[in-house]
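This report concerns only the one structure given below.
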Amino acid sequence: MSEINRAVKGTNDVLPENSHNWQFVEGKMLETAGLYGFSEIRVPVFEHTEVFLRSVGDTTDVVQKEMYTFDDKGGRSITLRPELTAGVIRSAIENGLVNGALPVKVCYIGGCYRYEKPQAGRLREFHQFGVECIGAAAPNADAEVIALARQVLSSIGIEKISLEINSIGCPECRKAYHAALKEYFSSKSDELCATCLDRLDRNPMRILDCKSPVCSEIAASAPVVLDYLCDDCREHFEAVKSHLTAAGIEYTVNPHIVRGLDYYTRTVFEFVSGDIGAQATVCGGGRYDGLISQMGGPAVPSLGFAMGIERLMLVLKNQGIALPEAPVPDLYIAALGEKAQLKATALCASLREDGFRVLTDICGRGLKPQMKYAGKSGAKFSLVLGDAEIETGKARLKNMQSGEEISVSLNTLSDRLLECVNAQALESLEEAVLKD
RNA sequence: GUGGAUGUAGCUUAGUCGGUUAAAGCGCCAGUUUGUGGCACUGGAGACCGUGGGUUCGAGUCCCAUCUUCCACCCCA
C-alpha cells in the first residue's frame, strides 16, 4: 500500500463501530470531573517549543528524543504537544486564571504526540484525559485528585486496577536523598547497566525505576526517599494517606515510583494494570508545586494527573468489560416507487424533528434489499411504503425482533412509534430485572 | 534508537519439491420470490500475493534490501 491510503506509523483510526465507546468514556470523564468542580479547558495542539523545554524538562527523554518539533513558515520553533499539562499551565498564566479565585480546577481531553517506537499501549498519537488543580497546597487536594481518577475508572467499569503512591519530596529534602543515592549506587557502579551508570550523574532516582534484573535487585535495598523527607513533606504525605483512607481508597506505597517528567514534587502516583502488556500505567500524576513559577507565573502550588485513553480502552477490552451498546435506529422506512419515496422523505423529516432515529433507502434499491439493510442496521421497527399505503394512509409497522406487525395511520405515526419504542424498551427492561 | 516475529481479496486463512487463468469461508452486490430482513440455493464484483531489486526459461514460493504491523527493551499515559 502506498502512503496515500495508509495511516502514519503509530496512529490509529477510531471507526464508526467503536466511536460510541469513546463518546461514552469521554462523557464519563467530563461528567465525573464536573462532580469535583473541574471544567473543561481546550488548548492548542501545538505550542512554542520553549513551553515544553521549560516544563517537561530538557533532560527528559520526552524532550530529548520524542518531540515532533519543526519551524513554521515564520521561523518559530513549534512542537506538537507531547502532553497537556504544559500547555494548560501556559494558558492559565497567560489568561490570568492564576490571578483569580484559587483553586483553578480544569480538565482536558486531547491528542498527544511522541515520536516513539509503537508497541502495545504505546502510539505516536495517543489521547489523554487529565486534570490540573492550581493553587491548592493542602494534602486533601492530593487525595481529591486521586479520588477523581479512581472514580473516573470505576464509572466506566474498571475496578481491577491498583493505585501506587509515593512522595519524592521537595527540592530541599531531595538534595540529601540524591546524595545518599549517589553514594549507595556508586559503591555498586561496576554492576549497574550502562544506562543506569549514565543516570547516576544526571538523575540517580531513575535507577530505582530500572527494569533490568540486576539493577532492580540493587535498587531493592537502596535508600528509600521516604526516610529522607523533611518534616513538612513527611507530614504532607501522612495527611494525604489519611485523606485517601477517609475517602475509602485503597493504595499501596511504592517507594520506587519515580515520574519521568522533571516537574514533579512531593506526591506522585500511578494506576497500574497487569492486563495490558508492558506499558502498564493507565494513569500517572502528582504534585508540581514549582511548575507555575518556573513558567513565569506566580508562586502557586499545583497538581494533577493524566490518563491514557487508548490504554484505558485496552484494560476494558482485556478485562472483558462491556460498555453500553451503540444506539440503533428506531425505524426504517422502505419505500417503493417515486411517490412513496417522496412520502418517505416527508415522514423522515417530521419523525426526525420529533427526535426519532429514522432511516430510509437512499440507494434506489428494491424492497428485499431494503429490508435486509433494515435488519442489519438494527432498526427496532420497519414500515413498508408503496402505492397502496399512500392511497389508504395506512401502513404496517413491523417489530424487527419479534416479527409482529400492527396497522398504523401515517398521520399519527409519530405517536404510535413512540408508544411502540417505549413498549419495547419496557420489555427489555423487564427482562433485565428478571435476569438479576 | 536496539532486538524478535509478521505481511496473500474488506476480514480470517489455504497455496505441495519454484511450473500455466492464485483458492476457500465470512462480508459485499444481485437473483431464486414483480410487496417484506434473519434461513437456504445460484450467480457476480473484489488481490499488481506489502514495496523495490536479484537468482531462474519461469517467483506468492528462493536470496537481498526496504516499509508496515505486532511484541519486548528504553521511556511514558
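Residues are referred to by chain and number: the chain letter is A, B, ... according to the order shown in the C-alpha cells, the number counts from 1 in that chain, and ligands are numbered separately from 1 in the order shown.
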Select all residues from chain A having any atom no more than 7 Å from an atom of chain B (counting only C-alpha atoms (C1' of nucleotides), ignoring ligands), output as a ChimeraX atom specification. /A:1,61,119,128,281-284,306-308,367-368,371-372,374-375
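For the residues A:Glu427, A:Glu116, A:Asp330, A:Glu235, ranking by smallest atom-to-atom distance to Arg352 (chain A) using only C-alpha atoms places A:Asp330 first.
Coordinates place CA of Val408 (chain A) at a distance of 20.5 Å from CA of Leu426 (chain A).
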Show me, as a ChimeraX atom specification, the residues that have an atom within 7 Å of region 79-94 of chain A when counting only C-alpha atoms (C1' of nucleotides), minus same-chain residues fewer than 6 positions from it. /A:43,45-49,51-52,55,67-70,112-114,292,297
Once you have the residues from the selection above, write them out as a PDB file, in the first residue's frame, restricted to C-alpha atoms.
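As a result, result37.pdb now contains:
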```pdb
ATOM      1  CA  VAL A  43      -5.758  24.431  24.363  1.00  0.00           C
ATOM      2  CA  VAL A  45      -2.313  21.014  19.789  1.00  0.00           C
ATOM      3  CA  PHE A  46       0.980  22.851  19.271  1.00  0.00           C
ATOM      4  CA  GLU A  47       2.910  25.348  21.354  1.00  0.00           C
ATOM      5  CA  HIS A  48       6.209  27.188  21.224  1.00  0.00           C
ATOM      6  CA  THR A  49       8.873  24.560  21.786  1.00  0.00           C
ATOM      7  CA  VAL A  51       6.903  25.753  26.663  1.00  0.00           C
ATOM      8  CA  PHE A  52       7.852  22.080  26.826  1.00  0.00           C
ATOM      9  CA  SER A  55       8.059  22.465  31.968  1.00  0.00           C
ATOM     10  CA  MET A  67       9.062  15.537  20.326  1.00  0.00           C
ATOM     11  CA  TYR A  68       7.642  16.472  16.939  1.00  0.00           C
ATOM     12  CA  THR A  69       9.422  19.799  16.565  1.00  0.00           C
ATOM     13  CA  PHE A  70       9.557  21.926  13.429  1.00  0.00           C
ATOM     14  CA  CYS A 112      -0.642  13.965  22.305  1.00  0.00           C
ATOM     15  CA  TYR A 113       2.297  13.295  20.014  1.00  0.00           C
ATOM     16  CA  ARG A 114       5.510  11.462  20.744  1.00  0.00           C
ATOM     17  CA  ILE A 292       3.825  27.631  37.697  1.00  0.00           C
ATOM     18  CA  GLY A 297       3.601  32.667  36.785  1.00  0.00           C
TER      19      GLY A 297
END
```
Which residues come within 12 Å of region 60-65 of chain B, counting only C-alpha atoms (C1' of nucleotides), excluding same-chain residues fewer than 5 positions away, as an MDAnalysis selection string? chainID B and resid 7:8 14:19 22 47 49 51:55
For Ala120 (chain A), list every protein, DNA or RNA residue within 8 Å, evaluated using only C-alpha atoms (C1' of nucleotides), and leave out those in the same chain fewer than 6 positions away; present the list as an mmCIF file with C-alpha atoms (C1' of nucleotides), in the first residue's frame.
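New file part.cif:
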```
data_model
loop_
_atom_site.group_PDB
_atom_site.id
_atom_site.type_symbol
_atom_site.label_atom_id
_atom_site.label_comp_id
_atom_site.auth_asym_id
_atom_site.auth_seq_id
_atom_site.Cartn_x
_atom_site.Cartn_y
_atom_site.Cartn_z
ATOM 1 C CA ILE A 276 -2.360 -4.624 29.102
ATOM 2 C CA GLY A 277 1.240 -5.649 28.479
ATOM 3 C CA ALA A 278 4.458 -3.905 29.339
ATOM 4 C CA GLN A 279 3.026 -0.380 29.235
ATOM 5 C "C1'" C B 71 5.812 -7.921 20.816
#
```
Residue contacts of U13 (chain B) (12 Å, only C-alpha atoms (C1' of nucleotides)) excluding same-chain residues fewer than 6 positions away, as a ChimeraX atom specification: /B:23-26
Can you list, as a VMD selection string, all residues belonging to region 191-401 of chain A that DSSP tags as alpha helix (DSSP H)? chain A and resid 194 to 202 213 to 220 231 to 246 291 to 294 309 to 318 338 to 353 367 to 377 387 to 392
For C-alpha atoms, I'd like the residues from the last selection saved as a PDB file, in the first residue's frame.
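Output file out-v6.pdb is given in full below:
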```pdb
ATOM      1  CA  ALA A 194      25.075   1.192  31.021  1.00  0.00           C
ATOM      2  CA  THR A 195      22.018   3.471  31.064  1.00  0.00           C
ATOM      3  CA  CYS A 196      21.952   3.443  34.862  1.00  0.00           C
ATOM      4  CA  LEU A 197      25.614   4.427  35.017  1.00  0.00           C
ATOM      5  CA  ASP A 198      24.664   7.421  32.929  1.00  0.00           C
ATOM      6  CA  ARG A 199      21.730   8.156  35.221  1.00  0.00           C
ATOM      7  CA  LEU A 200      23.983   8.085  38.253  1.00  0.00           C
ATOM      8  CA  ASP A 201      25.131  11.592  37.421  1.00  0.00           C
ATOM      9  CA  ARG A 202      22.073  13.077  35.785  1.00  0.00           C
ATOM     10  CA  PRO A 213      17.008  -7.629  36.927  1.00  0.00           C
ATOM     11  CA  VAL A 214      20.437  -6.682  38.242  1.00  0.00           C
ATOM     12  CA  CYS A 215      19.640  -3.018  38.716  1.00  0.00           C
ATOM     13  CA  SER A 216      16.261  -3.636  40.297  1.00  0.00           C
ATOM     14  CA  GLU A 217      17.902  -6.080  42.699  1.00  0.00           C
ATOM     15  CA  ILE A 218      20.416  -3.432  43.682  1.00  0.00           C
ATOM     16  CA  ALA A 219      17.657  -0.821  43.830  1.00  0.00           C
ATOM     17  CA  ALA A 220      15.658  -3.018  46.188  1.00  0.00           C
ATOM     18  CA  ASP A 231       9.268  17.352  58.292  1.00  0.00           C
ATOM     19  CA  ASP A 232       6.874  19.311  56.090  1.00  0.00           C
ATOM     20  CA  CYS A 233       6.960  16.777  53.266  1.00  0.00           C
ATOM     21  CA  ARG A 234       6.585  13.855  55.653  1.00  0.00           C
ATOM     22  CA  GLU A 235       3.620  15.481  57.361  1.00  0.00           C
ATOM     23  CA  HIS A 236       2.062  16.245  53.996  1.00  0.00           C
ATOM     24  CA  PHE A 237       2.447  12.654  52.816  1.00  0.00           C
ATOM     25  CA  GLU A 238       0.977  11.248  56.025  1.00  0.00           C
ATOM     26  CA  ALA A 239      -2.021  13.556  55.662  1.00  0.00           C
ATOM     27  CA  VAL A 240      -2.533  12.540  52.029  1.00  0.00           C
ATOM     28  CA  LYS A 241      -2.701   8.907  53.116  1.00  0.00           C
ATOM     29  CA  SER A 242      -5.193   9.711  55.878  1.00  0.00           C
ATOM     30  CA  HIS A 243      -7.442  11.506  53.421  1.00  0.00           C
ATOM     31  CA  LEU A 244      -7.226   8.631  50.947  1.00  0.00           C
ATOM     32  CA  THR A 245      -8.311   6.260  53.667  1.00  0.00           C
ATOM     33  CA  ALA A 246     -11.108   8.621  54.635  1.00  0.00           C
ATOM     34  CA  LEU A 291       5.935  24.479  37.868  1.00  0.00           C
ATOM     35  CA  ILE A 292       3.825  27.631  37.697  1.00  0.00           C
ATOM     36  CA  SER A 293       6.566  29.949  38.877  1.00  0.00           C
ATOM     37  CA  GLN A 294       9.051  28.097  36.736  1.00  0.00           C
ATOM     38  CA  ILE A 309      -7.376   6.763  26.846  1.00  0.00           C
ATOM     39  CA  GLU A 310      -6.081   4.060  24.481  1.00  0.00           C
ATOM     40  CA  ARG A 311      -4.621   2.189  27.452  1.00  0.00           C
ATOM     41  CA  LEU A 312      -7.927   2.555  29.230  1.00  0.00           C
ATOM     42  CA  MET A 313      -9.643   1.009  26.212  1.00  0.00           C
ATOM     43  CA  LEU A 314      -7.146  -1.859  26.355  1.00  0.00           C
ATOM     44  CA  VAL A 315      -7.995  -2.510  30.000  1.00  0.00           C
ATOM     45  CA  LEU A 316     -11.694  -2.566  29.149  1.00  0.00           C
ATOM     46  CA  LYS A 317     -11.110  -4.961  26.282  1.00  0.00           C
ATOM     47  CA  ASN A 318      -8.697  -7.280  28.070  1.00  0.00           C
ATOM     48  CA  GLU A 338     -41.296   7.652  -6.635  1.00  0.00           C
ATOM     49  CA  LYS A 339     -44.473   8.662  -4.805  1.00  0.00           C
ATOM     50  CA  ALA A 340     -43.629   6.505  -1.860  1.00  0.00           C
ATOM     51  CA  GLN A 341     -40.102   7.862  -1.743  1.00  0.00           C
ATOM     52  CA  LEU A 342     -41.432  11.396  -1.565  1.00  0.00           C
ATOM     53  CA  LYS A 343     -43.772  10.363   1.239  1.00  0.00           C
ATOM     54  CA  ALA A 344     -40.865   8.651   2.987  1.00  0.00           C
ATOM     55  CA  THR A 345     -38.833  11.842   2.778  1.00  0.00           C
ATOM     56  CA  ALA A 346     -41.696  13.773   4.358  1.00  0.00           C
ATOM     57  CA  LEU A 347     -42.192  11.190   7.119  1.00  0.00           C
ATOM     58  CA  CYS A 348     -38.477  11.062   7.862  1.00  0.00           C
ATOM     59  CA  ALA A 349     -38.338  14.834   8.154  1.00  0.00           C
ATOM     60  CA  SER A 350     -41.150  15.075  10.693  1.00  0.00           C
ATOM     61  CA  LEU A 351     -40.095  11.983  12.685  1.00  0.00           C
ATOM     62  CA  ARG A 352     -36.522  13.242  12.955  1.00  0.00           C
ATOM     63  CA  GLU A 353     -37.912  16.584  14.026  1.00  0.00           C
ATOM     64  CA  LEU A 367     -37.849  -3.984  -1.264  1.00  0.00           C
ATOM     65  CA  LYS A 368     -35.944  -7.084  -0.306  1.00  0.00           C
ATOM     66  CA  PRO A 369     -32.509  -5.484  -0.085  1.00  0.00           C
ATOM     67  CA  GLN A 370     -34.096  -2.601   1.770  1.00  0.00           C
ATOM     68  CA  MET A 371     -35.482  -4.973   4.374  1.00  0.00           C
ATOM     69  CA  LYS A 372     -32.153  -6.717   4.540  1.00  0.00           C
ATOM     70  CA  TYR A 373     -30.429  -3.441   5.235  1.00  0.00           C
ATOM     71  CA  ALA A 374     -33.083  -2.583   7.821  1.00  0.00           C
ATOM     72  CA  GLY A 375     -32.259  -5.815   9.613  1.00  0.00           C
ATOM     73  CA  LYS A 376     -28.509  -5.149   9.507  1.00  0.00           C
ATOM     74  CA  SER A 377     -28.934  -1.605  10.742  1.00  0.00           C
ATOM     75  CA  ASP A 387     -48.855   2.895  -3.686  1.00  0.00           C
ATOM     76  CA  ALA A 388     -51.435   1.109  -1.530  1.00  0.00           C
ATOM     77  CA  GLU A 389     -50.228   2.798   1.674  1.00  0.00           C
ATOM     78  CA  ILE A 390     -50.174   6.238   0.073  1.00  0.00           C
ATOM     79  CA  GLU A 391     -53.741   5.632  -1.088  1.00  0.00           C
ATOM     80  CA  THR A 392     -55.158   4.425   2.230  1.00  0.00           C
TER      81      THR A 392
END
```
Based on the backbone DSSP call, show me all residues of region 136-288 of chain A assigned strand (DSSP E or B), as a PyMOL selection string. chain A and resi 162-167+252-253+265-272+281-287
How about saving the chosen residues, C-alpha atoms kept, as a JSON list (two decimals), in the first residue's frame?
```
[["chain", "number", "residue", "atom", "x", "y", "z"],
["A", 162, "SER", "CA", -4.07, -0.88, 41.60],
["A", 163, "LEU", "CA", -3.07, 2.51, 42.95],
["A", 164, "GLU", "CA", 0.53, 3.07, 43.93],
["A", 165, "ILE", "CA", 1.66, 6.23, 45.65],
["A", 166, "ASN", "CA", 4.91, 7.76, 46.80],
["A", 167, "SER", "CA", 6.41, 11.05, 47.83],
["A", 252, "THR", "CA", -0.02, 0.77, 48.28],
["A", 253, "VAL", "CA", 3.05, 2.85, 48.97],
["A", 265, "THR", "CA", 7.40, 17.27, 43.71],
["A", 266, "ARG", "CA", 6.06, 15.53, 46.81],
["A", 267, "THR", "CA", 3.13, 13.25, 45.96],
["A", 268, "VAL", "CA", 3.38, 11.05, 42.88],
["A", 269, "PHE", "CA", 1.00, 8.23, 41.96],
["A", 270, "GLU", "CA", 0.14, 5.72, 39.28],
["A", 271, "PHE", "CA", -2.81, 3.50, 38.48],
["A", 272, "VAL", "CA", -1.33, 0.29, 37.11],
["A", 281, "THR", "CA", 0.49, 2.62, 33.65],
["A", 282, "VAL", "CA", -3.00, 3.77, 32.79],
["A", 283, "CYS", "CA", -2.90, 6.97, 34.79],
["A", 284, "GLY", "CA", 0.01, 8.91, 36.21],
["A", 285, "GLY", "CA", 0.15, 12.12, 38.16],
["A", 286, "GLY", "CA", 1.22, 14.02, 41.19],
["A", 287, "ARG", "CA", 2.09, 17.38, 42.59]]
```
